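Visitor: Before we start, here is the structure in question, set down as structure tokens.
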Amino acid sequence: MPRRLIRAIAAPAALVILLGCAQQRQPGYYEAPRESTQSDAISRAKGDSNNRTPTQLQLGFGDQAQTPAPDSPAAPVKPAIPPPLAETHTFLGTVPCLDQNACPATRVTLTLAPDGQWRARSVALNAAQTTIAQMGCWVLTSQDPLRIALRIDNAQTKALLEFVNGNTLLVRSFDGRQTRLDYRLTRQPDTDPIKELAKQPAQDCTAPGT
């Protein structure tokens with residue numbers, strides 16, 4: 001076969017082979033790979049996680065304490081807290097003198113926190129308007145009806161209170177004296193941190209329970 005004829009046949013065949021190879025390469029083969037939507041989303045998610053704030057428990061008294069993750073060995077184990085006590089709330093009301101009228105009535109502001117702490121401000125309704133701020137731990141004394149005791153230094157009982165509902169507390173006893181009539185503390189829209197006790201260390205209350 002003449003060399004010219006061989007060259008004429010070989011040239012088109014080589015061209016077909018080159019075209020076939022070129023078609024097998026994916027589009028953008030020679031371009032630098034671009035970041036995909038999925039990788040961009042992963043990157044953003046990682047960036048957001050770096051800005052995550054630590055888990056905090058708001059006590060309602062101006063104090064914040066970090067709590068361990070739920071799966072941490074140091075995480076405290078507490079019994080279920082009834083709904084009216086599961087969040088920090090402030091209650092306000094007037095308690096008359098229960099010592100045979102030997103003292104003035106008292107305006108009481110009481111703040112209960114779910115970790116077992118309570119703080120209160122008592123203002124005497126007389127000319128002197130003496131103010132007393134106290135704090136301690138509350139404990140459940142009954143589930144049905146729902147009742148709690150306010151204790152000072154985990155010993156002395158300041159008051160016995162009963163939840164009429166989530167917004168009303170019935171005073172059963174105050175300063176060691178039982179009430180004969182219904183005196184109530186009503187839940188307030190805002191939480192009062194009882195600033196008079198802001199510099200006092202938080203109470204070491206055990207897990208609230210009966």
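Residues are named by chain letter and number: chains run A, B, ... in the order of the structure tokens, numbers start at 1 in each chain, and ligands are numbered from 1 in the order shown.
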Which residues are close to Arg180 of chain A, i.e. within 10 Å by only C-alpha atoms, leaving aside same-chain residues fewer than 5 positions away? Reply as a ChimeraX atom specification.
Guide: /A:98,171-173
Visitor: Restricting the output to N, CA and C atoms, write the selected residues as a PDB file, in the first residue's frame.
Guide:
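Contents of the output file selection_14.pdb:
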ATOM      1  N   LEU A  98     -49.711  38.494 112.676  1.00  0.00           N
ATOM      2  CA  LEU A  98     -50.334  37.284 113.218  1.00  0.00           C
ATOM      3  C   LEU A  98     -50.041  37.114 114.697  1.00  0.00           C
ATOM      4  N   VAL A 171     -51.065  31.761 101.835  1.00  0.00           N
ATOM      5  CA  VAL A 171     -50.190  31.743 103.007  1.00  0.00           C
ATOM      6  C   VAL A 171     -50.834  30.901 104.101  1.00  0.00           C
ATOM      7  N   ARG A 172     -50.188  29.776 104.433  1.00  0.00           N
ATOM      8  CA  ARG A 172     -50.707  28.893 105.476  1.00  0.00           C
ATOM      9  C   ARG A 172     -50.139  29.252 106.852  1.00  0.00           C
ATOM     10  N   SER A 173     -48.880  29.640 106.872  1.00  0.00           N
ATOM     11  CA  SER A 173     -48.271  30.120 108.114  1.00  0.00           C
ATOM     12  C   SER A 173     -47.154  31.092 107.754  1.00  0.00           C
TER      13      SER A 173
END
Visitor: Name the residues in contact with segment 129-138 of chain A at a cut-off of 7 Å, using only C-alpha atoms, excluding same-chain residues fewer than 6 positions from it; report them as JSON, numbers by chain.
Guide: {"A": [116, 117, 118, 119, 120, 121, 122, 123, 148, 149, 150, 151, 152, 153, 154, 196, 197, 203, 205]}
Visitor: Of the candidates A:Asp190, A:Glu87, A:Asp182, A:Asp175, which one gets nearest to Glu162 of chain A if we count only C-alpha atoms?
Guide: A:Asp182
Visitor: How many Å lie between atom CA of Leu169 of chain A and atom CA of Thr88 of chain A, rounded to one decimal?
Guide: 14.3 Å
Visitor: Please, which residues of segment 107-199 of chain A, numbered as in this document, come out strand (DSSP E) from DSSP, as a ChimeraX atom specification?
Guide: /A:107-112,117-124,131-143,146-152,156-165,168-174,177-178,184-187
Visitor: Kindly give the distance, in Å, that separates atom CA of Asn101 of chain A and atom CA of Gln178 of chain A, rounded to a single decimal.
Guide: 13.8 Å
Visitor: Just the residues within 8 Å of Leu170 of chain A, please, counting only C-alpha atoms, with nothing from its chain fewer than 3 positions along; format it as a list in words.
Guide: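 Contacts, with the query itself left out: Leu161, Glu162, Phe163, Val164, Asp182, Tyr183, Arg184 and Leu185 of chain A.
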Visitor: What does the distance from atom CA of Leu181 of chain A to atom CA of Pro82 of chain A come to in Å, to one decimal?
Guide: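 Taking atom CA of Leu181 of chain A and atom CA of Pro82 of chain A, their separation equals 26.1 Å.
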Visitor: Would you pick out the contacts of Leu92 of chain A at 6 Å or less, using only C-alpha atoms, so that residues sharing its chain but fewer than 5 positions from it are not included, and give the list as a ChimeraX atom specification?
Guide: /A:108-109,185-186
